[in-house]
Structures are given as structure tokens and as C-alpha cells.
There are 2 protein chains.
Amino acid sequence: MSKTSKIMPLSGFPEWLPDQRMVEQQLLDRVRRLAELYGFVPLETRAVEPLSHLTHQGETSKEIYTIRRLHDDGAASDELGLHFDLTVPLARYVREFRGKLRFPFKRYQIQKVWRGERPQEGRYREFYQADLDVVGEGTLPLHFDAELPALMHELLGAFPVPRATVLVNNRRILDGFGRGLGRDDTADVVRALDKLDKVGISGVRELLTDSVGLPAAEAEAWLGLAAIRGPGTGFVDEVGALGVKHELLSEGLDELATVMAASSDLPPGSVLADLHIARGLDYYTGTIYESVIEGHDDLGSVCSGGRYDDLASGDAGDLPGVGISVGVSRLLGRFLGDGLVRASRETPTCVLVALVSEETRARSAAIARSLRSRGIAAEAFHEPLRFGKQIRHADRRGIPFVWFPAMERGEQDTVRDIRSGEQVPAQAHAWNPPEADLYPRLLTS
Amino acid sequence: MSKTSKIMPLSGFPEWLPDQRMVEQQLLDRVRRLAELYGFVPLETRAVEPLSHLTHQGETSKEIYTIRRLHDDGAASDELGLHFDLTVPLARYVREFRGKLRFPFKRYQIQKVWRGERPQEGRYREFYQADLDVVGEGTLPLHFDAELPALMHELLGAFPVPRATVLVNNRRILDGFGRGLGRDDTADVVRALDKLDKVGISGVRELLTDSVGLPAAEAEAWLGLAAIRGPGTGFVDEVGALGVKHELLSEGLDELATVMAASSDLPPGSVLADLHIARGLDYYTGTIYESVIEGHDDLGSVCSGGRYDDLASGDAGDLPGVGISVGVSRLLGRFLGDGLVRASRETPTCVLVALVSEETRARSAAIARSLRSRGIAAEAFHEPLRFGKQIRHADRRGIPFVWFPAMERGEQDTVRDIRSGEQVPAQAHAWNPPEADLYPRLLTS
């Protein structure tokens, strides 16, 4: 049906081969499993939102894809766009379904999002995000902020990464520190601090003095704050030593100390307080999360988030939230690109049932059916080729076992592990593969 | 962030509550599981295709959503559209990745598709389809046609439906029957026969004589063919009794007989040969599948498909295919709408760990963590409210167990089944819920 049109990959719209898709599926399964173990309920929202919702934050509007019916009459009043993240849809969803949800509303959501990025930047235009958020009605206890670093630690551990660190800060510390220094608007300062990893201390110093225009002493105070990074709650005293005082600063320090204390049972170094991280987005109001993966710093923070006290509002009051987002496709693209992870075979099939002859097709089908009924993925070969060819078919796909139906009355079926060549008598209603061969596994290297 | 904009549901874009989403997820899991047991590999294609691919079949072009970057400069040369099914993307994918795929290529694909239907028709504009196809390189043995009815039977059985019947026909029978009657183009006739369920025998007779313009005797011959429906291969003799002969007809009868014979081990009535079904789409060239669900005839065929000898072509020859598609959202919408299926609880959480006091927060968190480490979904309550209130929180969500940490040294933790009220001593590292409570189940009524 597509003889006439030329096939071209679309820049920014990655597609995987089936064995790569198996890797993606298993990683998404792990995220789902972990979210559910923590009691997050599943949610999926439609792919589209009214354009007015999507463009409410001016900054991101340039990346939106709008959709339109091909034979639209032109009088389209309600323009729609594809969602570019899962936070805007969540904010809309909790307002729309507020009366039917239970609060605190803990939901996870794993979906594709779309951004009209310029392809030359090498970014994805379609990719998976996995978001976990808790939304409160009116208020949302700090308890939920405190739970997230452990969850982030487990989430990152679910990916085949060498070693990941969760970084936590609190916007109130940054804002309160500014107020303590007599500065009400810290936006420019925070933006400069956020560049620490890129431009280093001297670069930030230059930004603070030359671009932001701070006096040298104030710049040094900020650099002192930004340099604080460590496990546990030691940061409280370190900030105290800088001599800046403000009520908002104290609040922020208390909150961050509570969050850090809740992570004290995790392996040392898993979670660090890091007072320079800020997240660019304006809507974070308290706790902020980022993460770094050893050896993949260039990926940036693939798991980040924070507290937003004004996620959504309505006639019935505010809906504050705290949550994180994992850039699954970005991680996966790196893993697959670097060959860091692969599936143990190319197909779910565990057993290929050989076809002896046209006359015994029903027998081979019955064996495959019997194996499947016990949860063993099995398919009967489609042609009565020489066994060598049937075995090669299995071998190419990494199917570990080939089943040979008995050819004469009184004989027994046999099953061969084509890796070892070992072939043993077996009955389809009773034989089991080793647990490790039942389903394709993820192999890391 | 969305204070200013009004919230309105979008017609045709269904969204579920979390407990309904759990039902959807579990049904999709079953489809995936079954597809993998049969050895289909997973595939996911990008949501967009070049418009030229999508509009290649003129008939469907009116339903396409096109996408465009919001701040496009207007010089968009490669217009893109959202896929409206999973067959067109498959045809493109197998051509694009042909050199990297193994043939016969058995793939399943579960994704949302989008159609710009008029909302007043009450149809979905965004919905899940689950497709399973086998694509051959050059040729594709009838073996794969013959496997599908059993798979369709199992697939439909995976949904909470009363009783489903798979119907099978072959386009060569219809075309060959026509040629035997001296008629080369059977399109109009087939379209009339396809209306049998809607307008009845007398209605079809009228269509054949008045609209198509057949002589009365020929119309009766077609009605005789269309009335043939039954298990096994009895249809071969029944068609023979109609006295029409053609080589193509014989080929079609042989193929259908092979397909029906492969389903002979299924429960009686699961798969019927039904010689009137045709599927409207032109690209089917051989076997055709449909299905009916008892008590839900009005849904139409929610699982259908067939053989298309020209799924995709390229410089290296043809890529014939055979496959089926399940309208998951249509089924789910009916089940949820009629209250035929629901989740046994509203959340994955199996155990709510009570919070005794602010001071023992770490203890509650440790219990929840210990349970989770053994695969038991658990969350610690966020506030040290009266136990009655914490139990009510669990009760409302259907969480079956509440865990009470020991309040004094030397005491033991206890866990209460809040349905029976039974409360027993327990240790977080050893206690297990009954298997049936571990994960939300689907309940049918």
C-alpha cells in the first residue's frame, strides 16, 4: 500500500528495534512496579490539551505541536495541542476530576510527550516521561517531600546505571538567604548559581558580580552557600556559619533537614543536600530534587522535580503538589546507544516446537499450546524443513530451546537446549525451562 | 498555574479515573502476555507519519489529525499527521527496517491511535488499539493464517466478556464464487453481503437485485453462500451444493478448510466459518477474521483482521501480512460503562502502616520499606491521627490491611484485616498477605 512514497526516518522521533523495545518495556515495567509498591495509582491522560492551557506558561509555548483535522473547515475555535509534559495535564486533570479523586492524590503516569524542538539540537521530539506526584487538597504535609528521595534512589537503581546520586535543596533556603542579605528578588542570582556545574566557581563569581551586579562580598556569600553539599543534615551548621539570618531561611533549613533525615537509612552518598541546585522553572516553591549519574553527567538531571504549592487552583481552594519526573527516553537512548544494556534474546519465545512433517502439524501445535497454557512462550515452526534449519531459525533469534515431537509411536518427545546441545526426553504438560530462560532478561555490560 | 482557564472535557477523548485505569492496564497486560506467549515481539512506532503515507488510501484521509509546530514559520514542507491505525505504521516500519528484522516478522503493538471523527457520532477520537501481525518476506505460509483464530479466541477470553465467537472467511471464496458466476468485480456484491447482520436476508436480497442489479437467480446463489455458517469444514460441501465452480473458489475453500482444521481443538462454537463476512477494506486478499460478543452485537466486530498480500512492497519484493486488531478502548468503554468489570480496590497499596506519633515516623517508614522490599505495596500514613481515622483512610480506598507498629518496647507489631477486623501479631520482614490481596484484581459482575 505504500509503494509510491519514499521512506525517510523522521528526525527527533526515535524508533527502536523489537529487542530494544523489550529493554524499554522492561525498564518501564520496573518504574510502574516501583510506583505501585509505593502506593501511587496509575493515571493516563489524553494526548491533547486546549492550547490555552498549554501556553499558560509563556516560556514553553514555542515547543508545542498543535493538531488540526485535515479537512477542518477553518472555523476551529478550540485549538488543541499535544502535551509537552505530564505536569500541565495533571494540573488540569485534578481540577476536572477533583470531586472523584481521593486526596492526598498519589499518581504515577508514564506517557509519551511531544516537543517541537529544532532537530539540529539533537533532541527528541517524541519521548517517554515517567512522572510521580502527590497532590494535596488545601495542604500537603512535608511527609510526602520526605518520601521522594528514597523513591528516586530506588527508581534510578532500577535502571542499569553505574551509580546515581539524588540531590536535594529547598527554594526557601535560596529565597531566605537572599532576604537575609536584603535582596527580595533572587531570580537572577539563582539562575547564576544553577550554572555552577557548567562554568565553575570563578564563572559563577563573574556572573554574580558582572552580570547580576552584586557587590563582591555578597557574591562570596552566595558562593559559600552554593558550595555546600553533603550527606545528612550537616548543611544546617554550614549555612549558619555564613552568618546570614532570615525566618524564611530557617524554614527552608528545617524543611530540608526533615527531608534529609528521612533518607538516613539509605546507602551513604545516595542522597546529598546540595544548596546550589535551583531548577529553572518558576513554579517550584519548596523542596527541589535533581540527580546525577556517575559517568553520564552530560545527560544532566534525568530525574528531577520539586514542590509546587500552586500546582492547580480552583474555586474550592489550592491543590499543592510535590513530584518528580524521569526522562526515560533520554536514559534509554544513552544505554542503547552505548551498548550498556540489551535483551538476552530477540523474542519472548522460549521454545520453538519443530515441525516434523505436514501430517504432524496438529501435533506440534498441540505441544506449543500445552506449553503456553503453563506460561511458557512457545511457537510451532511453520515449515517442515530439515531440523538443522529449524534449529538455526531458533538460534538466530536467541530462542533457547527447540522441541522435537516424537516421530514414532512409543517414542518420547525431546527438548534440546541449543546453547549446550543437551537434549533430553520431555513431556509438554510437565517440562519447565530454568527460571532464568522463561522470559528475556536485561543484560548489562 | 491554570487558574485562568476553564476546564472542559473534550468530546471523543475519554479519560478514566485511576481505578478504571487499573482495569485498562490489566486488560492491556493480558493482551501483551498472550501476544508474547505466542512469540510476537513488541513494537512501538512513533505517533506521527508523513501525511503522504497516511493519505495514500483515499478513504480514510478525512479522519486524520495533522500536527504543526505552534511557531512554525509556515514553510513546513513535510507535513505530519497522527496515525489513525497501526497497520499503516507497520507497513512503513517493515520497509524502513527491513534489513534489521527477522522474517517471518511476528509483532504486536499496543498504542493509542487518533481519528478526527465528528464528535456527534459518539465515537472516540483517541483510543487504544492492539494489533498482532505476521509479515513475511516474499511469501508467508498459510500456517500463520491458521494460528490466528485460536489466538483471537484466547484474546477475547482475556476480556471479561460472556462468550465470544470468532468468524472466518476467505476473500478468494467470494471472488471465486463471483467468477464462477461470470462476474469479475464482486465489490458491490460483497458490500451488500456485509450488510446481512444489519438488514437481514430480505434486505440483502433487495440490495443485490435493485442496487447491484443482479438477476434473481444470481442473487439467490449469493444469498445461499452468505447463509453458510458453521463449525469445522462442513462449509466445503455446502458451497459445493450450490453448484458454482471456479479454480479461485476451490483455492479459497482449501485455505479456509486449513484454517478451520487448525482450530478443531477449541471448544465447540468458538470458531465458525461464516461465508458472508467480507471486511470493507480493499486490501484483504485471503483469510478474513471477525468476531461477535454475545449480548454486545451492537459493538460490531471488536477483533478483526485478515490477510493482505500487499501490506508493503519495496525494491526487494513484497511483504505479505496477516493480522488482527483489537479495539481495546471500545471494549473497555462498554465494560466500564455497563459496570461489567471493576478493580477490587482503588489503589495498588496492600498495607497502610499507621503513624503512631511524630517521633515514630522513621519506624513506620522502615516497616513500609521492609514490606515493599518483599513485593508488598505499602505506604506509611502521613499524619499521627487517631487510629480510627487512619483505618477509615484505608477503608475508603479499599486498602485491605492496616499495620500497627508496637507502641512499647517488648510489644509486637500487629496487622489488621480491616474487612474482617481480625488483628494478629506480625513482623514486617516475614508477614505475607493472602495471594489474592497482594495486587488489585479484576472483578466481573
# chains A, B, ... in the order shown; residues from 1 in each chain; ligands from 1
call {"tool": "residues_around", "arguments": {"residues": "stretch 391-408 of chain A", "least_positions_apart": "5", "cutoff": "8 Å", "atoms": "only C-alpha atoms", "output": "list of chain:residue names"}}
result
A:Ser344, A:Arg345, A:Glu346, A:Thr347, A:Thr349, A:Cys350, A:Val351, A:Leu352, A:Val353, A:Ala354, A:Leu355, A:Val356, A:Arg363, A:Ser364, A:Asp413, A:Thr414, A:Val415, A:Arg416, A:Asp417, A:Ile418, A:Arg419, A:Asp437, B:Arg102
call {"tool": "residues_around", "arguments": {"residues": "A:Val212", "least_positions_apart": "5", "cutoff": "10 Å", "atoms": "only C-alpha atoms", "output": "list of chain:residue names"}}
result
A:Thr186, A:Ala187, A:Asp188, A:Val189, A:Arg191, A:Ala192, A:Arg205, A:Glu206, A:Leu207, A:Ala219
call {"tool": "closest_residue", "arguments": {"among": "B:Val271, B:Ala378, B:Ile173, B:Val135", "to": "chain A", "atoms": "only C-alpha atoms"}}
result
B:Ala378
call {"tool": "residues_around", "arguments": {"residues": "B:Leu442", "least_positions_apart": "2", "cutoff": "9 Å", "atoms": "only C-alpha atoms", "output": "compact mmCIF listing (two decimals) with all heavy atoms, in the first residue's frame"}}
result
# COMPACT_ATOMS: atom_id res chain seq x y z
N MET B 22 -6.69 1.19 36.20
CA MET B 22 -6.14 -0.10 36.62
C MET B 22 -6.77 -1.25 35.83
O MET B 22 -6.10 -2.20 35.45
CB MET B 22 -6.36 -0.31 38.13
CG MET B 22 -5.51 0.63 38.98
SD MET B 22 -5.23 0.04 40.68
CE MET B 22 -6.84 0.15 41.37
N VAL B 23 -8.08 -1.13 35.58
CA VAL B 23 -8.75 -2.15 34.77
C VAL B 23 -8.15 -2.17 33.36
O VAL B 23 -7.79 -3.22 32.84
CB VAL B 23 -10.27 -1.88 34.70
CG1 VAL B 23 -10.94 -2.83 33.70
CG2 VAL B 23 -10.91 -2.00 36.08
N GLN B 26 -4.69 -3.70 33.32
CA GLN B 26 -4.66 -5.16 33.48
C GLN B 26 -5.14 -5.86 32.21
O GLN B 26 -4.64 -6.93 31.86
CB GLN B 26 -5.47 -5.58 34.70
CG GLN B 26 -4.80 -5.12 36.00
CD GLN B 26 -5.22 -5.94 37.22
OE1 GLN B 26 -5.61 -7.08 37.11
NE2 GLN B 26 -5.12 -5.34 38.39
N PRO B 160 -13.27 -9.59 30.01
CA PRO B 160 -14.38 -10.11 30.80
C PRO B 160 -15.69 -10.10 30.00
O PRO B 160 -16.60 -9.35 30.31
CB PRO B 160 -14.43 -9.15 32.00
CG PRO B 160 -13.84 -7.88 31.50
CD PRO B 160 -12.89 -8.23 30.40
N VAL B 341 -17.12 -4.68 34.85
CA VAL B 341 -15.82 -5.03 35.42
C VAL B 341 -15.33 -3.86 36.27
O VAL B 341 -15.58 -2.70 35.96
CB VAL B 341 -14.81 -5.38 34.30
CG1 VAL B 341 -14.63 -4.22 33.34
CG2 VAL B 341 -13.46 -5.81 34.86
N ARG B 342 -14.66 -4.20 37.37
CA ARG B 342 -14.07 -3.15 38.19
C ARG B 342 -12.86 -3.73 38.93
O ARG B 342 -12.69 -4.95 38.99
CB ARG B 342 -15.09 -2.59 39.19
CG ARG B 342 -15.62 -3.59 40.15
CD ARG B 342 -16.82 -3.04 40.95
NE ARG B 342 -17.40 -4.11 41.74
CZ ARG B 342 -16.97 -4.52 42.92
NH1 ARG B 342 -15.92 -3.94 43.48
NH2 ARG B 342 -17.53 -5.53 43.58
N ALA B 343 -12.05 -2.84 39.48
CA ALA B 343 -10.88 -3.27 40.24
C ALA B 343 -11.31 -3.56 41.67
O ALA B 343 -12.22 -2.92 42.20
CB ALA B 343 -9.80 -2.19 40.20
N SER B 344 -10.64 -4.52 42.30
CA SER B 344 -11.02 -4.92 43.66
C SER B 344 -10.70 -3.84 44.68
O SER B 344 -11.20 -3.87 45.79
CB SER B 344 -10.35 -6.23 44.03
OG SER B 344 -8.94 -6.10 44.00
N PRO B 440 -4.38 -5.54 43.21
CA PRO B 440 -5.81 -5.39 42.87
C PRO B 440 -6.21 -6.41 41.79
O PRO B 440 -5.47 -6.63 40.84
CB PRO B 440 -5.89 -3.96 42.32
CG PRO B 440 -4.72 -3.25 42.91
CD PRO B 440 -3.64 -4.28 43.05
N THR B 444 -15.64 -9.14 37.99
CA THR B 444 -16.68 -9.02 36.97
C THR B 444 -18.04 -9.24 37.61
O THR B 444 -18.15 -9.87 38.66
CB THR B 444 -16.47 -10.05 35.86
OG1 THR B 444 -16.36 -11.35 36.45
CG2 THR B 444 -15.21 -9.75 35.08
call {"tool": "atom_distance", "arguments": {"atom1": "atom CA of A:Ser373", "atom2": "atom CA of B:Gly230"}}
result
26.8 Å
call {"tool": "interface_residues", "arguments": {"of": "chain B", "to": "chain A", "cutoff": "7 Å", "atoms": "only C-alpha atoms", "output": "JSON, numbers by chain"}}
result
{"B": [1, 2, 3, 5, 7, 13, 15, 18, 21, 22, 36, 37, 38, 39, 41, 42, 43, 45, 46, 53, 62, 63, 64, 65, 66, 67, 68, 69, 70, 71, 96, 116, 143, 262, 310, 311, 312, 313, 314, 347, 348, 349, 362, 372, 375, 376, 377, 378, 379, 382]}
call {"tool": "select_by_dssp", "arguments": {"residues": "stretch 36-177 of chain B", "states": "strand (DSSP E)", "output": "count of residues only"}}
result
40
call {"tool": "select_by_dssp", "arguments": {"residues": "stretch 45-140 of chain A", "states": "helix (DSSP H, G or I)", "output": "list in words"}}
result
Leu51, Ser52, His53, Leu54, Gly58, Glu59, Thr60, Ser61, Lys62, Glu63, Thr87, Val88, Pro89, Leu90, Ala91, Arg92, Tyr93, Val94, Arg95, Glu96, Arg98, Gly99, Lys100, Pro119, Gln120 and Glu121 of chain A
call {"tool": "write_last_selection", "arguments": {"atoms": "N, CA and C atoms", "output": "mmCIF file, in the first residue's frame"}}
result
data_model
loop_
_atom_site.group_PDB
_atom_site.id
_atom_site.type_symbol
_atom_site.label_atom_id
_atom_site.label_comp_id
_atom_site.auth_asym_id
_atom_site.auth_seq_id
_atom_site.Cartn_x
_atom_site.Cartn_y
_atom_site.Cartn_z
ATOM 1 N N LEU A 51 -5.078 24.524 23.712
ATOM 2 C CA LEU A 51 -3.861 25.306 23.546
ATOM 3 C C LEU A 51 -3.737 26.374 24.631
ATOM 4 N N SER A 52 -4.868 26.882 25.084
ATOM 5 C CA SER A 52 -4.844 27.923 26.120
ATOM 6 C C SER A 52 -4.213 27.402 27.411
ATOM 7 N N HIS A 53 -4.411 26.123 27.739
ATOM 8 C CA HIS A 53 -3.763 25.546 28.922
ATOM 9 C C HIS A 53 -2.261 25.407 28.710
ATOM 10 N N LEU A 54 -1.923 24.949 27.512
ATOM 11 C CA LEU A 54 -0.513 24.653 27.246
ATOM 12 C C LEU A 54 0.340 25.914 27.200
ATOM 13 N N GLY A 58 4.274 31.060 29.419
ATOM 14 C CA GLY A 58 4.783 31.574 28.157
ATOM 15 C C GLY A 58 6.048 30.912 27.663
ATOM 16 N N GLU A 59 6.917 30.539 28.604
ATOM 17 C CA GLU A 59 8.254 30.111 28.241
ATOM 18 C C GLU A 59 8.283 28.900 27.322
ATOM 19 N N THR A 60 7.337 27.971 27.519
ATOM 20 C CA THR A 60 7.395 26.720 26.794
ATOM 21 C C THR A 60 6.574 26.724 25.509
ATOM 22 N N SER A 61 5.843 27.810 25.270
ATOM 23 C CA SER A 61 4.871 27.762 24.179
ATOM 24 C C SER A 61 5.513 27.524 22.831
ATOM 25 N N LYS A 62 6.757 27.867 22.695
ATOM 26 C CA LYS A 62 7.376 27.705 21.385
ATOM 27 C C LYS A 62 7.564 26.250 20.978
ATOM 28 N N GLU A 63 7.503 25.348 21.958
ATOM 29 C CA GLU A 63 7.795 23.947 21.653
ATOM 30 C C GLU A 63 6.545 23.113 21.390
ATOM 31 N N THR A 87 2.899 17.378 33.665
ATOM 32 C CA THR A 87 2.511 18.204 34.813
ATOM 33 C C THR A 87 1.297 19.069 34.477
ATOM 34 N N VAL A 88 1.341 19.695 33.306
ATOM 35 C CA VAL A 88 0.203 20.512 32.880
ATOM 36 C C VAL A 88 -1.070 19.654 32.772
ATOM 37 N N PRO A 89 -0.998 18.459 32.161
ATOM 38 C CA PRO A 89 -2.203 17.613 32.141
ATOM 39 C C PRO A 89 -2.663 17.218 33.549
ATOM 40 N N LEU A 90 -1.708 16.951 34.462
ATOM 41 C CA LEU A 90 -2.089 16.591 35.833
ATOM 42 C C LEU A 90 -2.845 17.737 36.488
ATOM 43 N N ALA A 91 -2.324 18.955 36.330
ATOM 44 C CA ALA A 91 -2.969 20.122 36.934
ATOM 45 C C ALA A 91 -4.405 20.260 36.428
ATOM 46 N N ARG A 92 -4.596 20.031 35.140
ATOM 47 C CA ARG A 92 -5.938 20.116 34.559
ATOM 48 C C ARG A 92 -6.808 18.966 35.057
ATOM 49 N N TYR A 93 -6.228 17.764 35.104
ATOM 50 C CA TYR A 93 -6.992 16.566 35.481
ATOM 51 C C TYR A 93 -7.504 16.658 36.926
ATOM 52 N N VAL A 94 -6.630 17.084 37.854
ATOM 53 C CA VAL A 94 -7.071 17.126 39.262
ATOM 54 C C VAL A 94 -8.152 18.191 39.458
ATOM 55 N N ARG A 95 -8.115 19.244 38.642
ATOM 56 C CA ARG A 95 -9.205 20.223 38.742
ATOM 57 C C ARG A 95 -10.489 19.635 38.164
ATOM 58 N N GLU A 96 -10.368 18.969 37.029
ATOM 59 C CA GLU A 96 -11.560 18.462 36.350
ATOM 60 C C GLU A 96 -12.232 17.336 37.132
ATOM 61 N N ARG A 98 -11.642 16.608 40.439
ATOM 62 C CA ARG A 98 -11.411 16.806 41.864
ATOM 63 C C ARG A 98 -12.410 16.082 42.759
ATOM 64 N N GLY A 99 -13.679 16.178 42.427
ATOM 65 C CA GLY A 99 -14.726 15.598 43.271
ATOM 66 C C GLY A 99 -14.701 14.080 43.301
ATOM 67 N N LYS A 100 -13.991 13.466 42.370
ATOM 68 C CA LYS A 100 -13.989 11.998 42.290
ATOM 69 C C LYS A 100 -12.654 11.392 42.718
ATOM 70 N N PRO A 119 15.290 20.158 15.285
ATOM 71 C CA PRO A 119 16.002 18.876 15.159
ATOM 72 C C PRO A 119 17.518 19.032 15.252
ATOM 73 N N GLN A 120 18.051 20.163 14.835
ATOM 74 C CA GLN A 120 19.518 20.284 14.819
ATOM 75 C C GLN A 120 20.102 20.264 16.228
ATOM 76 N N GLU A 121 19.248 20.474 17.228
ATOM 77 C CA GLU A 121 19.755 20.389 18.594
ATOM 78 C C GLU A 121 19.901 18.937 19.055
#
call {"tool": "closest_residue", "arguments": {"among": "A:Ala257, A:Leu340, A:Val190, A:Val302", "to": "A:Ile277", "atoms": "only C-alpha atoms"}}
result
A:Val190
call {"tool": "residues_around", "arguments": {"residues": "B:Gly178", "least_positions_apart": "2", "cutoff": "10 Å", "atoms": "only C-alpha atoms", "output": "PyMOL selection string"}}
result
chain B and resi 172-176+180-187+189-190+218+221-222+244-246+248-249
call {"tool": "residues_around", "arguments": {"residues": "stretch 193-199 of chain A", "least_positions_apart": "5", "cutoff": "7 Å", "atoms": "only C-alpha atoms", "output": "ChimeraX atom specification"}}
result
/A:204,226,276-278
call {"tool": "write_last_selection", "arguments": {"atoms": "N, CA, C and O atoms", "output": "compact mmCIF listing (two decimals), in the first residue's frame"}}
result
# COMPACT_ATOMS: atom_id res chain seq x y z
N VAL A 204 30.80 31.46 37.96
CA VAL A 204 29.62 31.96 38.69
C VAL A 204 29.93 33.29 39.37
O VAL A 204 29.12 34.22 39.38
N ALA A 226 26.45 28.14 47.79
CA ALA A 226 26.40 27.21 46.66
C ALA A 226 27.38 26.06 46.81
O ALA A 226 27.17 24.98 46.24
N HIS A 276 23.16 24.50 45.85
CA HIS A 276 23.21 25.36 44.66
C HIS A 276 22.15 25.01 43.62
O HIS A 276 21.87 25.78 42.73
N ILE A 277 21.54 23.81 43.74
CA ILE A 277 20.57 23.45 42.70
C ILE A 277 19.29 24.25 42.89
O ILE A 277 18.87 24.56 44.01
N ALA A 278 18.68 24.61 41.80
CA ALA A 278 17.53 25.51 41.87
C ALA A 278 16.40 25.12 40.94
O ALA A 278 15.26 25.45 41.17
call {"tool": "atom_distance", "arguments": {"atom1": "atom CA of A:Tyr284", "atom2": "atom CA of A:Leu214"}}
result
24.3 Å
call {"tool": "residues_around", "arguments": {"residues": "stretch 163-171 of chain B", "least_positions_apart": "3", "cutoff": "6 Å", "atoms": "only C-alpha atoms", "output": "number ranges by chain"}}
result
B: 174, 252, 270-275, 285-294
